[in-house]
>>> print(open('final-v4.tsv').read())   # TSV, C-alpha atoms
chain	number	residue	atom	x	y	z
A	47	MET	CA	-70.38	-3.05	-31.03
A	48	ASN	CA	-69.79	-3.59	-34.74
A	49	LYS	CA	-66.97	-1.74	-36.44
A	50	ILE	CA	-68.10	1.80	-37.20
A	51	ASN	CA	-67.25	3.33	-40.57
A	52	LEU	CA	-65.87	6.65	-39.34
A	53	LYS	CA	-66.06	8.18	-42.82
A	54	GLU	CA	-69.86	7.91	-42.69
A	55	LEU	CA	-70.20	9.85	-39.43
A	56	THR	CA	-71.11	13.51	-39.21
A	57	LEU	CA	-70.28	15.76	-36.29
A	58	HIS	CA	-73.78	15.14	-34.95
A	59	HIS	CA	-73.02	11.44	-34.46
A	60	TYR	CA	-70.49	12.36	-31.77
A	61	PRO	CA	-71.81	13.12	-28.27
A	62	ILE	CA	-68.77	15.22	-27.32
A	63	HIS	CA	-67.91	18.39	-29.23
A	64	ALA	CA	-64.95	20.75	-29.08
A	65	ARG	CA	-63.67	23.50	-31.33
A	66	ASP	CA	-60.20	24.73	-32.18
A	67	LYS	CA	-58.99	27.75	-34.13
A	68	ILE	CA	-56.81	27.28	-37.19
A	69	ARG	CA	-53.79	29.55	-36.84
A	70	TYR	CA	-51.76	30.91	-39.74
A	71	ARG	CA	-48.67	29.30	-38.21
A	72	ASP	CA	-50.39	25.89	-38.61
A	73	THR	CA	-49.97	26.09	-42.40
A	74	ASP	CA	-47.12	24.74	-44.48
A	75	ARG	CA	-45.57	25.86	-47.76
A	76	GLN	CA	-48.42	24.33	-49.76
A	77	GLY	CA	-50.86	26.65	-47.98
A	78	HIS	CA	-52.77	24.00	-46.06
A	79	VAL	CA	-52.58	22.93	-42.43
A	80	ASN	CA	-49.55	20.73	-41.75
A	81	ASN	CA	-50.40	17.07	-41.04
A	82	SER	CA	-48.76	17.26	-37.61
A	83	ILE	CA	-51.37	19.82	-36.51
A	84	PHE	CA	-54.18	17.29	-37.08
A	85	SER	CA	-52.90	15.50	-33.96
A	86	THR	CA	-53.15	18.74	-32.01
A	87	PHE	CA	-56.80	19.11	-33.01
A	88	ILE	CA	-57.47	15.49	-32.00
A	89	GLU	CA	-55.75	16.21	-28.68
A	90	THR	CA	-58.02	19.20	-28.06
A	91	GLY	CA	-61.12	17.03	-28.34
A	92	ARG	CA	-59.67	14.26	-26.18
A	93	ILE	CA	-58.32	16.57	-23.44
A	94	GLU	CA	-61.44	18.73	-23.17
A	95	PHE	CA	-63.41	15.57	-22.42
A	96	LEU	CA	-61.02	13.50	-20.29
A	97	TYR	CA	-59.60	16.37	-18.24
A	98	ASN	CA	-62.89	18.18	-17.68
A	99	PRO	CA	-62.99	18.57	-13.86
A	100	ASP	CA	-66.74	17.93	-13.88
A	101	ASN	CA	-66.11	14.38	-15.12
A	102	ASN	CA	-64.02	13.42	-12.04
A	103	LEU	CA	-61.78	11.13	-14.12
A	104	ILE	CA	-58.44	12.72	-13.20
A	105	ILE	CA	-58.36	12.57	-9.41
A	106	ASP	CA	-54.77	11.47	-8.63
A	107	SER	CA	-54.42	10.11	-12.16
A	108	THR	CA	-53.66	11.07	-15.71
A	109	PHE	CA	-54.10	9.56	-19.17
A	110	VAL	CA	-51.53	8.27	-21.64
A	111	ILE	CA	-51.97	7.28	-25.26
A	112	ALA	CA	-51.37	3.57	-25.79
A	113	HIS	CA	-52.41	3.54	-29.45
A	114	ILE	CA	-53.53	6.08	-32.03
A	115	GLU	CA	-54.21	5.87	-35.74
A	116	MET	CA	-55.39	8.64	-38.01
A	117	ASP	CA	-56.77	8.81	-41.53
A	118	PHE	CA	-56.25	12.05	-43.44
A	119	ILE	CA	-59.24	12.60	-45.71
A	120	SER	CA	-58.98	16.16	-46.95
A	121	GLU	CA	-56.79	19.23	-46.61
A	122	ILE	CA	-57.59	21.69	-43.84
A	123	THR	CA	-57.16	25.30	-44.93
A	124	TRP	CA	-56.61	28.59	-43.13
A	125	PRO	CA	-58.45	30.69	-41.97
A	126	GLY	CA	-61.21	29.04	-40.03
A	127	GLN	CA	-61.94	26.66	-37.25
A	128	ILE	CA	-62.12	22.92	-36.72
A	129	ASP	CA	-65.01	21.17	-35.03
A	130	ILE	CA	-63.95	18.02	-33.22
A	131	GLY	CA	-66.28	15.15	-32.47
A	132	THR	CA	-65.35	12.54	-29.87
A	133	ALA	CA	-67.08	9.34	-28.75
A	134	VAL	CA	-66.25	6.40	-26.49
A	135	THR	CA	-66.55	3.01	-28.19
A	136	LYS	CA	-65.22	0.70	-25.48
A	137	VAL	CA	-64.14	0.85	-21.86
A	138	GLY	CA	-61.70	-1.65	-20.34
A	139	ASN	CA	-60.31	-2.01	-16.84
A	140	SER	CA	-58.14	1.11	-17.18
A	141	SER	CA	-58.46	1.80	-20.91
A	142	ILE	CA	-60.80	3.95	-22.95
A	143	HIS	CA	-61.25	3.49	-26.71
A	144	LEU	CA	-62.11	6.71	-28.52
A	145	ILE	CA	-63.12	7.62	-32.05
A	146	GLN	CA	-62.84	11.18	-33.30
A	147	GLY	CA	-63.63	13.21	-36.39
A	148	LEU	CA	-62.29	16.58	-37.54
A	149	TYR	CA	-64.70	18.79	-39.50
A	150	GLN	CA	-64.19	22.07	-41.31
A	151	ASN	CA	-67.37	23.75	-42.52
A	152	ASN	CA	-69.25	20.48	-41.79
A	153	LYS	CA	-66.91	18.52	-44.09
A	154	LEU	CA	-65.00	15.54	-42.69
A	155	MET	CA	-61.26	16.22	-42.84
A	156	ALA	CA	-59.77	13.39	-40.74
A	157	THR	CA	-60.68	10.54	-38.41
A	158	ALA	CA	-58.81	9.01	-35.51
A	159	GLU	CA	-59.08	5.96	-33.30
A	160	SER	CA	-57.17	5.81	-30.04
A	161	VAL	CA	-56.74	3.81	-26.88
A	162	ILE	CA	-56.11	5.87	-23.77
A	163	VAL	CA	-54.95	4.32	-20.48
A	164	ARG	CA	-55.61	5.86	-17.10
A	165	VAL	CA	-52.40	5.95	-15.05
A	166	ASP	CA	-51.85	6.63	-11.35
A	167	GLU	CA	-49.78	9.82	-11.03
A	168	LYS	CA	-47.61	8.45	-8.22
A	169	THR	CA	-46.98	4.85	-9.30
A	170	LYS	CA	-47.13	5.48	-13.07
A	171	LYS	CA	-49.03	2.18	-13.35
A	172	PRO	CA	-52.47	1.68	-14.95
A	173	ARG	CA	-55.23	2.68	-12.56
A	174	ALA	CA	-58.58	0.90	-12.79
A	175	LEU	CA	-61.69	2.85	-13.63
A	176	SER	CA	-64.50	2.50	-11.10
A	177	ILE	CA	-67.89	1.10	-12.10
A	178	ILE	CA	-69.35	4.61	-11.83
A	179	GLU	CA	-66.61	6.01	-14.10
A	180	LYS	CA	-67.14	3.21	-16.61
A	181	GLU	CA	-70.89	3.85	-16.66
A	182	PHE	CA	-70.24	7.57	-17.18
A	183	LEU	CA	-67.85	6.88	-20.08
A	184	LEU	CA	-70.23	4.42	-21.73
A	185	GLN	CA	-72.87	7.17	-21.89
A	186	HIS	CA	-70.69	8.77	-24.58
A	187	HIS	CA	-71.10	6.17	-27.33
A	188	PRO	CA	-71.57	7.44	-30.89
A	189	ILE	CA	-75.12	8.54	-31.63
A	190	LEU	CA	-76.14	6.13	-34.36
A	191	LEU	CA	-79.60	6.18	-35.88
>>> encode(input="final-v4.tsv", output="structure tokens")
Amino acid sequence: MNKINLKELTLHHYPIHARDKIRYRDTDRQGHVNNSIFSTFIETGRIEFLYNPDNNLIIDSTFVIAHIEMDFISEITWPGQIDIGTAVTKVGNSSIHLIQGLYQNNKLMATAESVIVRVDEKTKKPRALSIIEKEFLLQHHPILL
């Protein structure tokens, strides 16, 4: 897959959606949401997908972040909510590459790219994804027209 320009994506390009509430305590002295909270919103989107019991991805395993990068595009303000889009761009032996976008009132506020590794809960070592799991994950590519 060619490199996707995340700044050109709308929420509708992402096959996985989540929503989070902006809390007053998330704001800083400048009156906008603190940059550290952006990671919490990204986490909400990632966790609601990966740890959804219907997906059967977490049986005797968990996920760890191997890499994450985020671009801050615009300030998020209180009150309101954040819509989180998530898509899978690549699946490795035990790794999952995700892209995500944060939207407030349909406006892009931040993007993130991450690599998540599935880890066996007992051994703490990477645990391979099955062919069925890989096929399931690959069904969640960005919706590009």
>>> atom_distance(input="final-v4.tsv", atom1="CA of Ser82 (chain A)", atom2="CA of Phe95 (chain A)")
21.2 Å
>>> residues_around(input="final-v4.tsv", residues="His58 (chain A)", least_positions_apart="4", cutoff="10 Å", atoms="all atoms listed in the file", output="CSV table (one decimal) with C-alpha atoms, in the coordinates of the input")
chain,number,residue,atom,x,y,z
A,62,ILE,CA,-68.8,15.2,-27.3
A,63,HIS,CA,-67.9,18.4,-29.2
A,131,GLY,CA,-66.3,15.2,-32.5
A,152,ASN,CA,-69.2,20.5,-41.8
A,188,PRO,CA,-71.6,7.4,-30.9
A,189,ILE,CA,-75.1,8.5,-31.6
A,190,LEU,CA,-76.1,6.1,-34.4
>>> residues_around(input="final-v4.tsv", residues="Glu94 (chain A)", least_positions_apart="2", cutoff="10 Å", atoms="only C-alpha atoms", output="ChimeraX atom specification")
/A:62-65,89-92,96-99,132
>>> residues_around(input="final-v4.tsv", residues="region 153-160 of chain A", least_positions_apart="6", cutoff="6 Å", atoms="all atoms listed in the file", output="PDB file with C-alpha atoms, in the frame of the given file")
ATOM      1  CA  HIS A 113     -52.410   3.540 -29.450  1.00  0.00           C
ATOM      2  CA  ILE A 114     -53.530   6.080 -32.030  1.00  0.00           C
ATOM      3  CA  GLU A 115     -54.210   5.870 -35.740  1.00  0.00           C
ATOM      4  CA  MET A 116     -55.390   8.640 -38.010  1.00  0.00           C
ATOM      5  CA  ASP A 117     -56.770   8.810 -41.530  1.00  0.00           C
ATOM      6  CA  PHE A 118     -56.250  12.050 -43.440  1.00  0.00           C
ATOM      7  CA  ILE A 119     -59.240  12.600 -45.710  1.00  0.00           C
ATOM      8  CA  SER A 120     -58.980  16.160 -46.950  1.00  0.00           C
ATOM      9  CA  HIS A 143     -61.250   3.490 -26.710  1.00  0.00           C
ATOM     10  CA  LEU A 144     -62.110   6.710 -28.520  1.00  0.00           C
ATOM     11  CA  ILE A 145     -63.120   7.620 -32.050  1.00  0.00           C
ATOM     12  CA  GLN A 146     -62.840  11.180 -33.300  1.00  0.00           C
ATOM     13  CA  GLY A 147     -63.630  13.210 -36.390  1.00  0.00           C
TER      14      GLY A 147
END
>>> axis_aligned_box(input="final-v4.tsv", around="region 67-77 of chain A", padding_each_side="4 Å", output="AutoDock Vina command-line options")
--center_x -52.3 --center_y 27.6 --center_z -41.9 --size_x 21.4 --size_y 14.6 --size_z 23.6
>>> residues_around(input="final-v4.tsv", residues="region 163-178 of chain A", least_positions_apart="2", cutoff="6 Å", atoms="only C-alpha atoms", output="ChimeraX atom specification")
/A:106-110,139-141,180-181
>>> closest_residue(input="final-v4.tsv", among="A:Asp72, A:Asp66, A:Asp129, A:Glu54", to="Tyr149 (chain A)", atoms="all atoms listed in the file")
A:Asp129
>>> atom_distance(input="final-v4.tsv", atom1="CA of Lys67 (chain A)", atom2="CA of Ile93 (chain A)")
15.5 Å
>>> atom_distance(input="final-v4.tsv", atom1="CA of Lys53 (chain A)", atom2="CA of Pro125 (chain A)")
23.8 Å
>>> closest_residue(input="final-v4.tsv", among="A:Ile142, A:Thr56, A:His187, A:Arg71", to="Ile111 (chain A)", atoms="only C-alpha atoms")
A:Ile142
>>> residues_around(input="final-v4.tsv", residues="Ile68 (chain A)", least_positions_apart="3", cutoff="9 Å", atoms="all atoms listed in the file", output="PyMOL selection string")
chain A and resi 71-73+79+122-128
>>> closest_residue(input="final-v4.tsv", among="A:Gly77, A:Phe84, A:Gln185, A:Glu179", to="Ile104 (chain A)", atoms="all atoms listed in the file")
A:Glu179
>>> decode(input="final-v4.tsv", residues="region 69-80 of chain A", atoms="N, CA and C atoms", output="compact mmCIF listing (two decimals), in the first residue's frame")
# COMPACT_ATOMS: atom_id res chain seq x y z
N ARG A 69 -13.27 16.21 28.82
CA ARG A 69 -13.57 16.60 30.20
C ARG A 69 -12.91 17.95 30.51
N TYR A 70 -13.51 18.70 31.38
CA TYR A 70 -12.93 19.99 31.76
C TYR A 70 -11.51 19.82 32.28
N ARG A 71 -11.29 18.73 33.02
CA ARG A 71 -9.95 18.49 33.59
C ARG A 71 -8.90 18.21 32.52
N ASP A 72 -9.33 17.96 31.27
CA ASP A 72 -8.39 17.72 30.17
C ASP A 72 -7.74 19.02 29.67
N THR A 73 -8.26 20.16 30.09
CA THR A 73 -7.77 21.44 29.58
C THR A 73 -6.57 21.94 30.38
N ASP A 74 -5.80 22.82 29.73
CA ASP A 74 -4.65 23.42 30.40
C ASP A 74 -4.91 24.91 30.60
N ARG A 75 -3.92 25.63 31.03
CA ARG A 75 -4.09 27.05 31.35
C ARG A 75 -4.43 27.90 30.14
N GLN A 76 -4.11 27.42 28.94
CA GLN A 76 -4.45 28.17 27.74
C GLN A 76 -5.91 27.94 27.32
N GLY A 77 -6.60 27.03 28.01
CA GLY A 77 -8.01 26.80 27.72
C GLY A 77 -8.28 25.76 26.65
N HIS A 78 -7.23 25.07 26.19
CA HIS A 78 -7.45 24.00 25.22
C HIS A 78 -7.00 22.68 25.84
N VAL A 79 -7.35 21.59 25.20
CA VAL A 79 -7.00 20.27 25.73
C VAL A 79 -5.49 20.08 25.69
N ASN A 80 -4.94 19.63 26.80
CA ASN A 80 -3.51 19.40 26.93
C ASN A 80 -3.05 18.35 25.93
